[in-house]
Amino acid sequence: METVLIVEDDRVYARATTNWLVKNGINARYVLSVDNAKEFLDNHDVDLVLSDFRLDNGNGMELLEWMNTHGYRIPFLIMTGYGDIPGAVEAVKKGAVDYLPKPVQTEKVLGIIRKALERKRRDGNTKQRFYTSKSPLALRLQEHIRLVAPVDTLAVLIRGASGTGKEYVARQIHVLSGRSDASFIAVDCGVLPKELAASELFGHVKGAFTGATENKTGMFAAANHGTLFLDEVGNLNAEVQRALLRALQEKRYRPVGGKEEIQTDIRLVAATNEDLEKAIAEGRFREDLFHRLNEFPLHVPLLAECIEDIIPLAEFMLDAANQEFSRKVKGFDREVQKRLKSYSWPGNIRELRMVVRRATLLAKDDWITTGEIDIPDKGRQPGEYSLNDERMERATILKALEATGNDRKAAARLLGISRSTLYLKLRKYRLD
Ligand SMILES: Nc1ncnc2c1ncn2[C@@H]1O[C@H](COP(=O)(O)OP(=O)(O)OP(=O)(O)O)[C@@H](O)[C@H]1O
């Protein structure tokens, strides 16, 4: 049976509303604060949230924003008292289904709840959950995301190695921005065929090139009023780089082969795991475009830099894998936990997810054992990223650069040295 979660700090009102829903055949539970609601959502399946606007510690809007950034796509209804209407309207803009003036125990509200539940049933289980990292570097990143998301005019460049969750960061920026009602369009520039890249982004007119049998709109049009996420932006060719710079500066672009210019209103978020400074030095990337994209850089840490997150994240993924494969694996035994924490995770969160999914399928018992974990035996030995042995230094730096996808800042962090020291060492070993 579906569950409605009521978030209401007035215990008497919360209980009365819960009883009223139960009497009407709807399973309902209540919590008294935003924090309790978050905890409840993280641990139970909830199909609809009915939240008061004003709560003792925080408000319904805060909860809605938290749900948005944590991938909870659950219908959200907001209850309002006198004077809360402007805030409630704002909540609807942020994705709430509706706002309901108190008292809510009416036939009309029952109809709204039933309809929202029905729609959710029809759309299937759209809950896509994400783990929220707790390590210091990840928390700093979260703080920067929260600050930059509403500032629409700043282009964000997300830097970090492959599999660290750059697309997830881009989605969070979109969800927390004023554009969250419009589309989030993600384009992997690394797989765009060279000859079609311009057409994919800007569209083309019929006859623009062989095979262009119809007019076609591109990703810029699809993302209009929303967010366009260009992953692996370093892979765009010179012609597309030029067109992109122009589109960003002038807020207009021309489809391939077209004469008319089209106005555009997008927020651009780009990502790269490449050393773009090096690409500029080698003439492969335009410096002016780099500065236009890099107005607010965000650095996504390596999983190995967030050791405190490894086990909770693995447990989170185990939970998802249990659901997906209808398994009931309880967790990782002590030895596995030790190995998970000491491995260097060159493939970052993506690799951890793969390892956990595989182990969940293979697990013979309640607890995953070392035989079911597919990571190199030695894992990350203490000192693997230490620079104590002079002879090993060059190899160690190379390994760190490889693990970070050539992100020098992340490599310096991994090596435990400052960026300027890393640059000195790169010069010393002729690695720059
Ligand atoms: N916070 C998170 N909670 C759960 N899963 C996550 C989280 N962050 C990332 N992932 C998962 O990790 C994988 C890699 O994430 P993502 O594609 O965002 O990485 P990326 O840095 O963009 O990688 P690439 O550079 O290769 O494109 C995905 O399967 C994603 O769902």
# chains A, B, ... in the order shown; residues from 1 in each chain; ligands from 1

$ residues_around --residues "region 203-216 of chain A" --least-positions-apart "5" --cutoff "10 Å" --atoms "only C-alpha atoms" --output "MDAnalysis selection string"
chainID A and resid 196:198 221 253:259

$ write_last_selection --atoms "N, CA and C atoms" --output "mmCIF file, in the first residue's frame"
data_model
loop_
_atom_site.group_PDB
_atom_site.id
_atom_site.type_symbol
_atom_site.label_atom_id
_atom_site.label_comp_id
_atom_site.auth_asym_id
_atom_site.auth_seq_id
_atom_site.Cartn_x
_atom_site.Cartn_y
_atom_site.Cartn_z
ATOM 1 N N LEU A 196 29.413 15.837 -36.880
ATOM 2 C CA LEU A 196 28.018 16.132 -36.537
ATOM 3 C C LEU A 196 27.873 16.977 -35.273
ATOM 4 N N ALA A 197 29.007 17.287 -34.628
ATOM 5 C CA ALA A 197 28.940 17.956 -33.330
ATOM 6 C C ALA A 197 28.181 19.280 -33.415
ATOM 7 N N ALA A 198 28.487 20.089 -34.428
ATOM 8 C CA ALA A 198 27.833 21.401 -34.536
ATOM 9 C C ALA A 198 26.335 21.214 -34.726
ATOM 10 N N ALA A 221 18.438 24.209 -28.414
ATOM 11 C CA ALA A 221 16.986 24.449 -28.433
ATOM 12 C C ALA A 221 16.315 23.616 -27.348
ATOM 13 N N TYR A 253 22.576 31.950 -31.692
ATOM 14 C CA TYR A 253 23.390 31.029 -32.483
ATOM 15 C C TYR A 253 22.695 30.789 -33.816
ATOM 16 N N ARG A 254 23.452 30.182 -34.718
ATOM 17 C CA ARG A 254 22.883 29.920 -36.037
ATOM 18 C C ARG A 254 22.965 28.418 -36.305
ATOM 19 N N PRO A 255 21.832 27.764 -36.623
ATOM 20 C CA PRO A 255 21.899 26.335 -36.949
ATOM 21 C C PRO A 255 22.799 26.113 -38.176
ATOM 22 N N VAL A 256 23.390 24.962 -38.298
ATOM 23 C CA VAL A 256 24.297 24.668 -39.414
ATOM 24 C C VAL A 256 23.542 24.873 -40.737
ATOM 25 N N GLY A 257 24.116 25.678 -41.590
ATOM 26 C CA GLY A 257 23.514 25.928 -42.904
ATOM 27 C C GLY A 257 22.395 26.961 -42.865
ATOM 28 N N GLY A 258 22.088 27.471 -41.682
ATOM 29 C CA GLY A 258 20.964 28.407 -41.576
ATOM 30 C C GLY A 258 21.399 29.851 -41.748
ATOM 31 N N LYS A 259 20.409 30.719 -42.052
ATOM 32 C CA LYS A 259 20.728 32.147 -42.204
ATOM 33 C C LYS A 259 20.257 32.909 -40.977
#

$ residues_near_ligand --ligand "ligand 1" --cutoff "9 Å" --atoms "only C-alpha atoms and all ligand atoms" --output "number ranges by chain"
A: 70, 129-133, 158-171, 188, 190, 231-232, 271-273, 300, 313, 316-317, 347-354, 405

$ write_last_selection --atoms "C-alpha atoms" --output "PDB file, in the first residue's frame"
ATOM      1  CA  HIS A  70      18.661  14.014  -3.336  1.00  0.00           C
ATOM      2  CA  ARG A 129      18.342   8.240  -4.914  1.00  0.00           C
ATOM      3  CA  PHE A 130      21.773   9.654  -4.415  1.00  0.00           C
ATOM      4  CA  TYR A 131      24.072   9.355  -1.469  1.00  0.00           C
ATOM      5  CA  THR A 132      25.124  12.633   0.125  1.00  0.00           C
ATOM      6  CA  SER A 133      28.819  12.573   0.904  1.00  0.00           C
ATOM      7  CA  ILE A 158      33.213  21.044 -13.096  1.00  0.00           C
ATOM      8  CA  ARG A 159      36.623  19.432 -12.896  1.00  0.00           C
ATOM      9  CA  GLY A 160      37.380  15.985 -11.629  1.00  0.00           C
ATOM     10  CA  ALA A 161      38.482  12.532 -12.675  1.00  0.00           C
ATOM     11  CA  SER A 162      36.245  10.087 -14.491  1.00  0.00           C
ATOM     12  CA  GLY A 163      33.487   8.501 -12.407  1.00  0.00           C
ATOM     13  CA  THR A 164      33.630  11.027  -9.561  1.00  0.00           C
ATOM     14  CA  GLY A 165      30.034  12.139 -10.138  1.00  0.00           C
ATOM     15  CA  LYS A 166      30.426  15.267 -12.268  1.00  0.00           C
ATOM     16  CA  GLU A 167      27.089  14.767 -13.980  1.00  0.00           C
ATOM     17  CA  TYR A 168      25.413  14.403 -10.598  1.00  0.00           C
ATOM     18  CA  VAL A 169      26.947  17.765  -9.584  1.00  0.00           C
ATOM     19  CA  ALA A 170      25.639  19.379 -12.776  1.00  0.00           C
ATOM     20  CA  ARG A 171      22.142  18.028 -12.070  1.00  0.00           C
ATOM     21  CA  ASP A 188      28.766  13.903 -23.791  1.00  0.00           C
ATOM     22  CA  GLY A 190      33.513  12.880 -25.965  1.00  0.00           C
ATOM     23  CA  ASP A 231      30.529  16.799 -20.421  1.00  0.00           C
ATOM     24  CA  GLU A 232      34.114  16.292 -21.678  1.00  0.00           C
ATOM     25  CA  ALA A 271      32.775  19.404 -17.189  1.00  0.00           C
ATOM     26  CA  THR A 272      36.155  17.992 -17.981  1.00  0.00           C
ATOM     27  CA  ASN A 273      38.601  15.447 -16.659  1.00  0.00           C
ATOM     28  CA  VAL A 300      34.953  17.027  -7.483  1.00  0.00           C
ATOM     29  CA  LEU A 313      28.378   4.841  -0.112  1.00  0.00           C
ATOM     30  CA  PHE A 316      23.896   2.781  -0.081  1.00  0.00           C
ATOM     31  CA  MET A 317      24.718   1.052  -3.353  1.00  0.00           C
ATOM     32  CA  GLY A 347      37.476   4.499 -11.387  1.00  0.00           C
ATOM     33  CA  ASN A 348      35.973   6.360  -8.408  1.00  0.00           C
ATOM     34  CA  ILE A 349      32.239   6.099  -7.569  1.00  0.00           C
ATOM     35  CA  ARG A 350      31.487   4.370 -10.869  1.00  0.00           C
ATOM     36  CA  GLU A 351      33.964   1.587 -10.064  1.00  0.00           C
ATOM     37  CA  LEU A 352      32.636   1.215  -6.509  1.00  0.00           C
ATOM     38  CA  ARG A 353      29.105   0.879  -7.859  1.00  0.00           C
ATOM     39  CA  MET A 354      30.207  -1.838 -10.283  1.00  0.00           C
ATOM     40  CA  GLY A 405      42.667  12.072 -15.044  1.00  0.00           C
TER      41      GLY A 405
END

$ closest_residue --among "A:Ala37, A:Val175, A:Leu55, A:Leu268" --to "Leu293 (chain A)" --atoms "only C-alpha atoms"
A:Leu268

$ residues_around --residues "region 21-24 of chain A" --least-positions-apart "6" --cutoff "9 Å" --atoms "only C-alpha atoms" --output "ChimeraX atom specification"
/A:4,105,110
